[in-house]
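Data file: protein16.cif. Format and content: mmCIF, C-alpha atoms.
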data_entry
loop_
_atom_site.label_atom_id
_atom_site.label_comp_id
_atom_site.auth_asym_id
_atom_site.auth_seq_id
_atom_site.Cartn_x
_atom_site.Cartn_y
_atom_site.Cartn_z
CA MET A 1083 0.42 -15.14 8.65
CA ALA A 1084 3.55 -13.30 7.53
CA VAL A 1085 3.12 -9.62 6.67
CA GLY A 1086 4.18 -10.25 3.08
CA SER A 1087 1.38 -12.78 2.67
CA ILE A 1088 -1.46 -10.59 3.90
CA LEU A 1089 -2.20 -8.79 0.66
CA LEU A 1090 -1.82 -11.96 -1.41
CA ALA A 1091 -4.34 -13.76 0.81
CA ALA A 1092 -6.74 -10.83 0.59
CA ALA A 1093 -6.67 -10.99 -3.20
CA CYS A 1094 -7.03 -14.75 -3.63
CA GLY A 1095 -10.45 -16.23 -4.29
CA GLY A 1096 -11.96 -19.08 -2.29
CA GLY A 1097 -13.69 -22.23 -3.42
CA ALA A 1098 -13.39 -24.18 -6.62
CA LYS A 1099 -12.74 -22.13 -9.75
CA VAL A 1100 -15.44 -22.03 -12.38
CA ALA A 1101 -15.34 -21.21 -16.06
CA LEU A 1102 -16.39 -17.57 -16.31
CA ASP A 1103 -17.80 -15.70 -19.25
CA ALA A 1104 -15.72 -12.74 -20.46
CA GLU A 1105 -17.77 -10.12 -18.60
CA SER A 1106 -17.62 -12.00 -15.31
CA ALA A 1107 -13.89 -12.75 -15.66
CA SER A 1108 -13.11 -9.10 -16.36
CA PHE A 1109 -15.05 -8.03 -13.26
CA TYR A 1110 -13.55 -10.68 -10.99
CA GLU A 1111 -9.93 -10.10 -12.01
CA THR A 1112 -9.75 -6.83 -10.08
CA ALA A 1113 -12.91 -6.79 -7.93
CA GLN A 1114 -11.58 -9.77 -5.98
CA LEU A 1115 -9.32 -7.26 -4.25
CA ILE A 1116 -12.30 -5.85 -2.36
CA MET A 1117 -14.45 -8.96 -2.11
CA THR A 1118 -15.12 -10.58 1.22
CA GLY A 1119 -14.31 -14.27 1.49
CA GLU A 1120 -18.03 -15.02 1.43
CA GLU A 1121 -18.53 -12.98 -1.74
CA LYS A 1122 -15.77 -14.90 -3.49
CA ASP A 1123 -17.37 -18.15 -2.41
CA ILE A 1124 -20.79 -17.03 -3.61
CA PHE A 1125 -19.45 -15.83 -6.95
CA HIS A 1126 -17.70 -19.14 -7.64
CA HIS A 1127 -20.93 -21.06 -7.01
CA LEU A 1128 -23.15 -19.02 -9.31
CA PRO A 1129 -24.42 -21.27 -12.12
CA ASP A 1130 -24.64 -18.89 -15.09
CA SER A 1131 -23.81 -15.47 -16.50
CA GLU A 1132 -27.25 -14.07 -15.65
CA SER A 1133 -26.86 -14.80 -11.95
CA ARG A 1134 -23.34 -13.37 -12.03
CA ARG A 1135 -24.63 -10.14 -13.61
CA GLU A 1136 -27.13 -9.88 -10.75
CA PHE A 1137 -24.30 -10.47 -8.28
CA ILE A 1138 -22.18 -7.72 -9.87
CA ALA A 1139 -25.06 -5.23 -9.67
CA ASP A 1140 -25.60 -6.11 -5.98
CA PHE A 1141 -21.86 -5.97 -5.31
CA TRP A 1142 -21.54 -2.34 -6.38
CA SER A 1143 -24.91 -1.30 -4.97
CA LYS A 1144 -23.95 -2.50 -1.48
CA ARG A 1145 -20.89 -0.25 -1.62
CA ASP A 1146 -22.52 2.83 -3.17
CA PRO A 1147 -22.15 5.56 -0.51
CA ASP A 1148 -25.15 7.51 -1.80
CA ALA A 1149 -27.95 5.50 -3.36
CA TYR A 1150 -29.84 8.70 -4.20
CA THR A 1151 -27.38 9.86 -6.86
CA GLU A 1152 -26.92 8.41 -10.33
CA GLU A 1153 -23.19 7.90 -9.82
CA ASN A 1154 -21.68 5.16 -7.71
CA GLU A 1155 -18.82 7.10 -6.15
CA PHE A 1156 -17.22 4.02 -4.62
CA GLN A 1157 -17.10 2.20 -7.95
CA GLN A 1158 -15.70 5.25 -9.73
CA GLU A 1159 -13.03 5.73 -7.07
CA PHE A 1160 -12.08 2.04 -7.21
CA TYR A 1161 -11.38 2.11 -10.94
CA SER A 1162 -9.62 5.46 -10.66
CA ARG A 1163 -7.25 3.98 -8.06
CA LEU A 1164 -6.66 0.92 -10.24
CA ASP A 1165 -5.67 3.20 -13.11
CA TYR A 1166 -3.29 5.18 -10.88
CA ALA A 1167 -1.72 2.01 -9.47
CA ASN A 1168 -1.12 0.61 -12.95
CA LYS A 1169 0.61 3.81 -14.02
CA HIS A 1170 2.81 4.36 -10.96
CA PHE A 1171 3.62 1.00 -9.34
CA LYS A 1172 4.80 -1.25 -12.17
CA GLU A 1173 7.31 -3.79 -10.86
CA GLY A 1174 7.27 -6.35 -13.65
CA LEU A 1175 3.56 -6.85 -12.92
CA PRO A 1176 0.45 -4.76 -13.47
CA GLY A 1177 0.61 -2.06 -10.82
CA TRP A 1178 -2.49 -3.21 -8.96
CA LYS A 1179 -0.88 -6.60 -8.32
CA THR A 1180 2.05 -5.10 -6.40
CA ASP A 1181 1.93 -4.48 -2.65
CA ARG A 1182 2.02 -0.70 -3.03
CA GLY A 1183 -0.59 -0.87 -5.77
CA ARG A 1184 -2.96 -2.94 -3.64
CA ILE A 1185 -2.59 -0.66 -0.64
CA TYR A 1186 -3.28 2.31 -2.90
CA VAL A 1187 -6.41 0.62 -4.25
CA TYR A 1188 -7.61 -0.13 -0.72
CA MET A 1189 -6.78 3.13 1.03
CA GLY A 1190 -6.05 5.72 -1.62
CA PRO A 1191 -3.14 8.16 -1.52
CA PRO A 1192 -1.32 8.33 1.83
CA ASP A 1193 -1.60 11.51 3.86
CA LYS A 1194 2.16 11.54 4.32
CA THR A 1195 5.13 9.62 2.93
CA GLU A 1196 8.58 9.15 4.45
CA GLU A 1197 11.70 7.79 2.78
CA PHE A 1198 15.00 6.98 4.44
CA PHE A 1199 18.08 4.85 3.99
CA THR A 1200 19.63 2.50 6.53
CA ILE A 1201 22.91 0.65 6.80
CA GLN A 1202 21.70 -1.41 9.75
CA ASP A 1203 19.64 -3.77 7.61
CA PRO A 1204 21.86 -5.38 4.94
CA ASN A 1205 18.84 -7.05 3.31
CA VAL A 1206 17.35 -3.74 2.19
CA ARG A 1207 18.24 -2.27 -1.18
CA GLY A 1208 17.44 1.38 -1.69
CA PRO A 1209 15.23 3.45 0.61
CA ILE A 1210 12.68 2.24 3.14
CA LEU A 1211 9.26 3.74 2.44
CA TRP A 1212 6.53 4.58 4.93
CA TRP A 1213 2.98 5.49 3.96
CA ILE A 1214 0.99 7.17 6.71
CA TYR A 1215 -2.80 7.36 6.86
CA TYR A 1216 -3.98 9.68 9.63
CA ALA A 1217 -7.67 8.84 9.15
CA TYR A 1218 -6.98 5.17 9.88
CA GLU A 1219 -4.21 5.83 12.44
CA LEU A 1220 -2.04 3.55 10.35
CA GLY A 1221 1.52 3.51 9.02
CA ILE A 1222 2.71 0.96 6.44
CA GLU A 1223 6.35 0.12 5.64
CA PHE A 1224 7.62 -1.04 2.24
CA ALA A 1225 11.14 -2.23 1.49
CA ASP A 1226 13.06 -3.78 -1.41
CA GLU A 1227 14.71 -6.88 0.07
CA LYS A 1228 15.28 -8.61 -3.26
CA GLY A 1229 17.32 -5.88 -4.86
CA ASN A 1230 15.16 -5.84 -7.98
CA GLY A 1231 13.07 -2.72 -7.38
CA THR A 1232 10.15 -4.65 -5.89
CA TYR A 1233 8.82 -2.94 -2.78
CA GLU A 1234 6.96 -5.36 -0.52
CA MET A 1235 4.93 -4.53 2.54
CA ARG A 1236 6.87 -5.82 5.54
CA ASN A 1237 5.57 -3.95 8.58
CA TYR A 1238 2.77 -1.72 9.82
CA ASN A 1239 1.85 0.33 12.88
CA GLY A 1240 -1.81 0.50 13.81
CA ASN A 1241 -4.83 -1.73 13.32
CA PHE A 1242 -4.24 -2.79 9.73
CA PHE A 1243 -6.94 -5.48 9.69
CA GLU A 1244 -9.67 -3.20 11.06
CA ALA A 1245 -8.96 -0.66 8.32
CA LEU A 1246 -8.67 -3.32 5.61
CA ASN A 1247 -11.85 -5.16 6.53
CA SER A 1248 -13.83 -1.93 6.75
CA LEU A 1249 -12.59 -0.79 3.37
CA ILE A 1250 -13.30 -4.14 1.72
CA ILE A 1251 -16.99 -4.06 2.62
CA GLY A 1252 -17.28 -0.38 1.71
CA ARG A 1253 -18.19 0.76 5.20
CA VAL A 1254 -18.65 4.53 5.46
CA PRO A 1255 -16.86 6.19 8.39
CA TYR A 1256 -18.22 8.81 10.73
CA ARG A 1257 -16.40 11.28 12.95
CA THR A 1258 -16.48 11.77 16.71
CA GLY A 1259 -14.25 14.64 17.70
CA ALA A 1260 -10.92 14.48 15.92
CA ALA A 1261 -10.83 10.70 15.69
CA ARG A 1262 -12.26 8.75 12.79
CA LYS A 1263 -14.23 5.67 13.70
CA PHE A 1264 -16.16 3.12 11.71
CA VAL A 1265 -19.83 2.48 12.31
CA ASP A 1266 -19.99 -1.07 13.56
CA PHE A 1267 -23.29 -2.57 14.60
CA LYS A 1268 -24.71 -5.87 15.78
CA VAL A 1269 -27.11 -8.17 13.92
CA SER A 1270 -28.89 -11.13 15.49
CA TYR A 1271 -32.05 -13.16 15.03
CA ASP A 1272 -34.74 -13.38 17.71
CA HIS A 1273 -36.26 -16.84 17.35
CA LEU A 1274 -39.25 -16.04 19.58
CA LYS A 1275 -40.21 -12.78 17.89
CA ARG A 1276 -39.14 -14.08 14.45
CA ALA A 1277 -37.33 -10.85 13.84
CA ILE A 1278 -33.92 -9.58 12.82
CA ASP A 1279 -32.51 -7.31 15.51
CA PHE A 1280 -30.06 -4.47 14.86
CA ARG A 1281 -28.10 -2.61 17.53
CA PHE A 1282 -26.21 0.60 16.70
CA PRO A 1283 -23.89 2.67 18.91
CA ALA A 1284 -26.02 5.63 19.99
CA GLU A 1285 -23.27 8.14 19.19
CA ALA A 1286 -23.18 6.97 15.56
CA ILE A 1287 -26.72 8.13 14.77
CA SER A 1288 -27.59 11.79 14.29
CA PHE A 1289 -31.10 12.68 15.43
CA LYS A 1290 -33.32 15.61 14.54
CA GLU A 1291 -35.76 17.28 16.88
CA GLU A 1292 -39.42 16.45 16.30
CA GLY A 1293 -41.59 17.92 19.03
CA GLU A 1294 -40.87 16.09 22.27
CA TYR A 1295 -38.87 13.43 20.46
CA GLN A 1296 -35.59 12.94 18.63
CA ARG A 1297 -36.06 11.33 15.22
CA ALA A 1298 -33.84 9.35 12.83
CA ASP A 1299 -34.91 7.51 9.67
CA LEU A 1300 -33.11 4.39 8.46
CA GLU A 1301 -33.42 2.17 5.42
CA LEU A 1302 -32.47 -1.48 6.02
CA GLN A 1303 -31.44 -3.75 3.15
CA VAL A 1304 -31.02 -7.46 3.83
CA PHE A 1305 -29.57 -10.04 1.45
CA VAL A 1306 -30.15 -13.62 2.61
CA TYR A 1307 -28.01 -16.54 1.41
CA ASP A 1308 -28.39 -20.18 2.41
CA LYS A 1309 -25.57 -22.39 3.68
CA ASN A 1310 -24.56 -23.13 0.08
CA ARG A 1311 -24.14 -19.38 -0.54
CA ILE A 1312 -27.15 -19.24 -2.86
CA LYS A 1313 -29.22 -16.06 -2.51
CA VAL A 1314 -32.70 -17.02 -1.37
CA GLU A 1315 -34.16 -13.54 -0.93
CA GLU A 1316 -33.51 -9.86 -0.51
CA PHE A 1317 -35.74 -7.16 0.92
CA LYS A 1318 -35.80 -3.56 2.13
CA ALA A 1319 -37.58 -1.90 5.01
CA GLU A 1320 -37.74 1.62 6.40
CA LYS A 1321 -37.61 2.28 10.11
CA THR A 1322 -38.21 5.51 12.01
CA ILE A 1323 -36.67 5.85 15.46
CA ARG A 1324 -38.36 8.26 17.90
CA ILE A 1325 -36.86 8.66 21.36
CA PRO A 1326 -37.37 11.34 24.05
CA LEU A 1327 -34.19 13.39 24.44
CA ALA A 1328 -33.84 12.53 28.14
CA ASP A 1329 -33.90 8.82 27.30
CA LEU A 1330 -31.54 9.21 24.36
CA LEU A 1331 -28.90 10.87 26.52
CA GLU A 1332 -28.81 7.76 28.72
CA MET A 1333 -28.60 5.24 25.89
CA LYS A 1334 -25.40 3.59 24.65
CA GLU A 1335 -27.12 1.51 21.97
CA ILE A 1336 -30.08 2.05 19.68
CA ALA A 1337 -32.11 -1.09 19.00
CA VAL A 1338 -34.14 -1.63 15.83
CA SER A 1339 -36.20 -4.76 15.19
CA LEU A 1340 -37.29 -5.90 11.74
CA SER A 1341 -40.05 -8.51 11.70
CA HIS A 1342 -39.12 -11.19 9.19
CA GLU A 1343 -39.46 -14.93 9.44
CA LEU A 1344 -36.55 -17.13 8.43
CA ARG A 1345 -37.13 -20.85 8.15
CA PRO A 1346 -34.93 -23.13 10.26
CA GLY A 1347 -31.47 -23.45 8.73
CA GLU A 1348 -28.08 -21.81 8.38
CA TYR A 1349 -27.89 -18.42 6.71
CA HIS A 1350 -25.39 -15.83 5.60
CA LEU A 1351 -26.85 -12.32 6.01
CA ASP A 1352 -25.42 -9.28 4.26
CA THR A 1353 -27.08 -6.21 5.77
CA VAL A 1354 -26.79 -2.64 4.52
CA VAL A 1355 -28.08 0.30 6.56
CA ILE A 1356 -28.64 3.74 5.07
CA GLY A 1357 -29.40 6.74 7.23
CA LYS A 1358 -31.65 9.34 5.64
CA ASP A 1359 -31.05 13.09 5.97
CA GLY A 1360 -27.60 12.53 7.45
CA ALA A 1361 -28.82 10.24 10.23
CA LEU A 1362 -26.08 7.66 9.76
CA GLY A 1363 -24.56 7.65 6.29
CA LYS A 1364 -24.23 4.13 4.97
CA THR A 1365 -22.74 1.11 6.70
CA ARG A 1366 -22.72 -2.64 6.31
CA LYS A 1367 -22.48 -5.82 8.37
CA ILE A 1368 -22.06 -9.48 7.36
CA VAL A 1369 -23.06 -12.27 9.77
CA ASP A 1370 -23.75 -15.99 9.76
CA LEU A 1371 -26.91 -17.08 11.55
CA LYS A 1372 -28.33 -20.41 12.63
CA VAL A 1373 -32.12 -20.29 12.83
CA LYS A 1374 -33.86 -22.96 14.91
#
Would you mind writing the file's structure down as structure tokens?
Amino acid sequence: MAVGSILLAAACGGGAKVALDAESASFYETAQLIMTGEEKDIFHHLPDSESRREFIADFWSKRDPDAYTEENEFQQEFYSRLDYANKHFKEGLPGWKTDRGRIYVYMGPPDKTEEFFTIQDPNVRGPILWWIYYAYELGIEFADEKGNGTYEMRNYNGNFFEALNSLIIGRVPYRTGAARKFVDFKVSYDHLKRAIDFRFPAEAISFKEEGEYQRADLELQVFVYDKNRIKVEEFKAEKTIRIPLADLLEMKEIAVSLSHELRPGEYHLDTVVIGKDGALGKTRKIVDLKVK
């Protein structure tokens, strides 16, 4: 896919369009920027306004970095960035529909900007712009190749898709040393145990001393959709991990098993993990499973 098409593809919905009520249409117009492909598909298959209101509540809840406060900081930041983009990146379109506006909505203000002119590229009108994000180890180039003041994204240095995908699902980062990583984890289904298995990188979880053991408390939220993207259930469970320090030092992964029977079929699982008392922060994983 061409660089100039990346942001357009990220913002386009999937599946057949449905007639939306005013509330749902207002939400979808901008929230589609940060929807996963599966979420767009689910939203377009919802039969009525009531089910869409439930979807919208789940959508923001999954991305709320701190479920124990009244505010949803992610949602507030999203709309604040939309407002900024509309004020500063108008190019004959609402600011959030431009390439610079979308990048701003996804990643916020760049840590550093660079602007320079070149005579080596006759297709460029005006300066070439670079936005640099140290946290994501990413640089993004914008240029006006149409001569009409429209700056399109045309190049990047770094793992653009890793940053974009993590931001879209609202994944909370953690730090190891000076580098910023994202908490990725594995989700699978054990057909024999009838359980959902989670595996986390050991370095991502912060443990507290409890006698002879190291302890971490997690809250697991699981949203289950069938192959038609209809939500069939959702549930929460709390898990406490206790591991002797000597064993923990040798471990690369931390395994957590959640007993829950899924009937045979194809499922789309949206899992949210919240670490209590600073154990993990909040992170999220989306997987498709086939249960025998």
For the structure provided, state which residues fall under the PyMOL selection byres ((chain A and resi 1126-1130) around 12), and present them as a compact mmCIF listing (two decimals) with C-alpha atoms, keeping the file's coordinate frame.
# COMPACT_ATOMS: atom_id res chain seq x y z
CA GLY A 1095 -10.45 -16.23 -4.29
CA GLY A 1096 -11.96 -19.08 -2.29
CA GLY A 1097 -13.69 -22.23 -3.42
CA ALA A 1098 -13.39 -24.18 -6.62
CA LYS A 1099 -12.74 -22.13 -9.75
CA VAL A 1100 -15.44 -22.03 -12.38
CA ALA A 1101 -15.34 -21.21 -16.06
CA LEU A 1102 -16.39 -17.57 -16.31
CA ASP A 1103 -17.80 -15.70 -19.25
CA GLU A 1105 -17.77 -10.12 -18.60
CA SER A 1106 -17.62 -12.00 -15.31
CA ALA A 1107 -13.89 -12.75 -15.66
CA TYR A 1110 -13.55 -10.68 -10.99
CA GLN A 1114 -11.58 -9.77 -5.98
CA GLY A 1119 -14.31 -14.27 1.49
CA GLU A 1120 -18.03 -15.02 1.43
CA GLU A 1121 -18.53 -12.98 -1.74
CA LYS A 1122 -15.77 -14.90 -3.49
CA ASP A 1123 -17.37 -18.15 -2.41
CA ILE A 1124 -20.79 -17.03 -3.61
CA PHE A 1125 -19.45 -15.83 -6.95
CA SER A 1131 -23.81 -15.47 -16.50
CA GLU A 1132 -27.25 -14.07 -15.65
CA SER A 1133 -26.86 -14.80 -11.95
CA ARG A 1134 -23.34 -13.37 -12.03
CA ARG A 1135 -24.63 -10.14 -13.61
CA GLU A 1136 -27.13 -9.88 -10.75
CA PHE A 1137 -24.30 -10.47 -8.28
CA ILE A 1138 -22.18 -7.72 -9.87
CA TYR A 1307 -28.01 -16.54 1.41
CA LYS A 1309 -25.57 -22.39 3.68
CA ASN A 1310 -24.56 -23.13 0.08
CA ARG A 1311 -24.14 -19.38 -0.54
CA ILE A 1312 -27.15 -19.24 -2.86
CA LYS A 1313 -29.22 -16.06 -2.51
Q.
Given the PyMOL selection byres ((chain A and resi 1285-1289) around 9) and the file above, list the residues it selects as number ranges by chain.
A. A: 1256-1258, 1264-1266, 1282-1284, 1290-1291, 1296-1299, 1323-1324, 1334-1336, 1357, 1360-1363
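Closest approach to A:Asp1272 among A:Val1373, A:Tyr1215, A:Thr1353, A:Ala1225: A:Val1373, based on all atoms listed in the file.
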Q: Grab the atom CA of A:Arg1345 to atom CA of A:Lys1318 distance for me, in Å with one decimal place.
A: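 A separation of 18.4 Å between them.
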Q: Just give me the gap between atom CA of A:Tyr1271 and atom CA of A:Ser1339 in Å, one decimal is fine.
A: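 Calculated distance between atom CA of A:Tyr1271 and atom CA of A:Ser1339 is 9.4 Å.
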Q: Let me know the residues the PyMOL selection byres ((chain A and resi 1367-1370) around 6) catches in the file above, as an MDAnalysis selection string.
A: chainID A and resid 1349:1353 1366 1371
Q: Rank A:Asp1146, A:Asn1247, A:Tyr1188, A:Phe1171 by their smallest atom-to-atom distance to A:Ala1113, using only C-alpha atoms, and report the top residue only.
A: A:Tyr1188
Q: Select, counting only C-alpha atoms, all protein, DNA and RNA residues no farther than 9 Å from (-32.7, 2.1, 5.9) in file coordinates, and express the selection as an NGL selection string.
A: :A and (1299-1303 or 1318-1322 or 1354-1358 or 1364)
Starting from the block above, write stretch 1151-1178 of chain A out to a file with N, CA and C atoms, as a tab-separated table (two decimals), in the first residue's frame, please.
chain	number	residue	atom	x	y	z
A	1151	THR	N	-11.05	6.09	38.05
A	1151	THR	CA	-11.35	7.51	38.12
A	1151	THR	C	-12.62	7.79	37.34
A	1152	GLU	N	-13.28	8.89	37.66
A	1152	GLU	CA	-14.52	9.23	36.97
A	1152	GLU	C	-14.26	9.63	35.52
A	1153	GLU	N	-13.11	10.26	35.26
A	1153	GLU	CA	-12.81	10.72	33.92
A	1153	GLU	C	-12.25	9.59	33.06
A	1154	ASN	N	-12.55	9.66	31.78
A	1154	ASN	CA	-11.90	8.77	30.81
A	1154	ASN	C	-10.86	9.63	30.09
A	1155	GLU	N	-9.62	9.52	30.54
A	1155	GLU	CA	-8.56	10.40	30.04
A	1155	GLU	C	-8.30	10.19	28.56
A	1156	PHE	N	-8.43	8.97	28.09
A	1156	PHE	CA	-8.22	8.70	26.67
A	1156	PHE	C	-9.28	9.41	25.83
A	1157	GLN	N	-10.53	9.30	26.22
A	1157	GLN	CA	-11.62	9.93	25.49
A	1157	GLN	C	-11.46	11.45	25.48
A	1158	GLN	N	-11.11	12.02	26.63
A	1158	GLN	CA	-10.90	13.47	26.71
A	1158	GLN	C	-9.76	13.92	25.81
A	1159	GLU	N	-8.67	13.15	25.81
A	1159	GLU	CA	-7.52	13.51	24.99
A	1159	GLU	C	-7.86	13.39	23.50
A	1160	PHE	N	-8.63	12.38	23.14
A	1160	PHE	CA	-9.02	12.19	21.75
A	1160	PHE	C	-9.77	13.41	21.23
A	1161	TYR	N	-10.77	13.87	21.96
A	1161	TYR	CA	-11.56	15.00	21.49
A	1161	TYR	C	-10.77	16.31	21.58
A	1162	SER	N	-9.84	16.40	22.51
A	1162	SER	CA	-8.97	17.57	22.56
A	1162	SER	C	-8.07	17.64	21.33
A	1163	ARG	N	-7.56	16.49	20.90
A	1163	ARG	CA	-6.72	16.46	19.70
A	1163	ARG	C	-7.52	16.76	18.44
A	1164	LEU	N	-8.76	16.25	18.38
A	1164	LEU	CA	-9.63	16.58	17.25
A	1164	LEU	C	-9.82	18.08	17.14
A	1165	ASP	N	-10.08	18.72	18.27
A	1165	ASP	CA	-10.30	20.16	18.28
A	1165	ASP	C	-9.06	20.90	17.80
A	1166	TYR	N	-7.88	20.47	18.27
A	1166	TYR	CA	-6.64	21.12	17.85
A	1166	TYR	C	-6.41	20.93	16.34
A	1167	ALA	N	-6.63	19.70	15.87
A	1167	ALA	CA	-6.43	19.43	14.44
A	1167	ALA	C	-7.35	20.28	13.58
A	1168	ASN	N	-8.59	20.45	13.99
A	1168	ASN	CA	-9.54	21.25	13.22
A	1168	ASN	C	-9.15	22.72	13.18
A	1169	LYS	N	-8.47	23.19	14.20
A	1169	LYS	CA	-8.07	24.59	14.27
A	1169	LYS	C	-6.77	24.87	13.52
A	1170	HIS	N	-5.89	23.88	13.42
A	1170	HIS	CA	-4.54	24.15	12.92
A	1170	HIS	C	-4.18	23.47	11.59
A	1171	PHE	N	-4.98	22.53	11.12
A	1171	PHE	CA	-4.59	21.80	9.91
A	1171	PHE	C	-5.68	21.83	8.84
A	1172	LYS	N	-6.34	22.96	8.69
A	1172	LYS	CA	-7.36	23.08	7.65
A	1172	LYS	C	-6.69	23.17	6.28
A	1173	GLU	N	-7.09	22.32	5.38
A	1173	GLU	CA	-6.55	22.31	4.01
A	1173	GLU	C	-7.70	22.12	3.03
A	1174	GLY	N	-8.77	22.90	3.22
A	1174	GLY	CA	-9.96	22.73	2.40
A	1174	GLY	C	-10.86	21.63	2.92
A	1175	LEU	N	-10.44	20.98	4.01
A	1175	LEU	CA	-11.19	19.92	4.67
A	1175	LEU	C	-11.18	20.20	6.17
A	1176	PRO	N	-12.07	19.58	6.92
A	1176	PRO	CA	-11.90	19.63	8.38
A	1176	PRO	C	-10.51	19.13	8.75
A	1177	GLY	N	-9.87	19.76	9.70
A	1177	GLY	CA	-8.48	19.45	10.01
A	1177	GLY	C	-8.21	18.00	10.32
A	1178	TRP	N	-9.16	17.31	10.96
A	1178	TRP	CA	-8.91	15.91	11.33
A	1178	TRP	C	-8.92	14.98	10.13
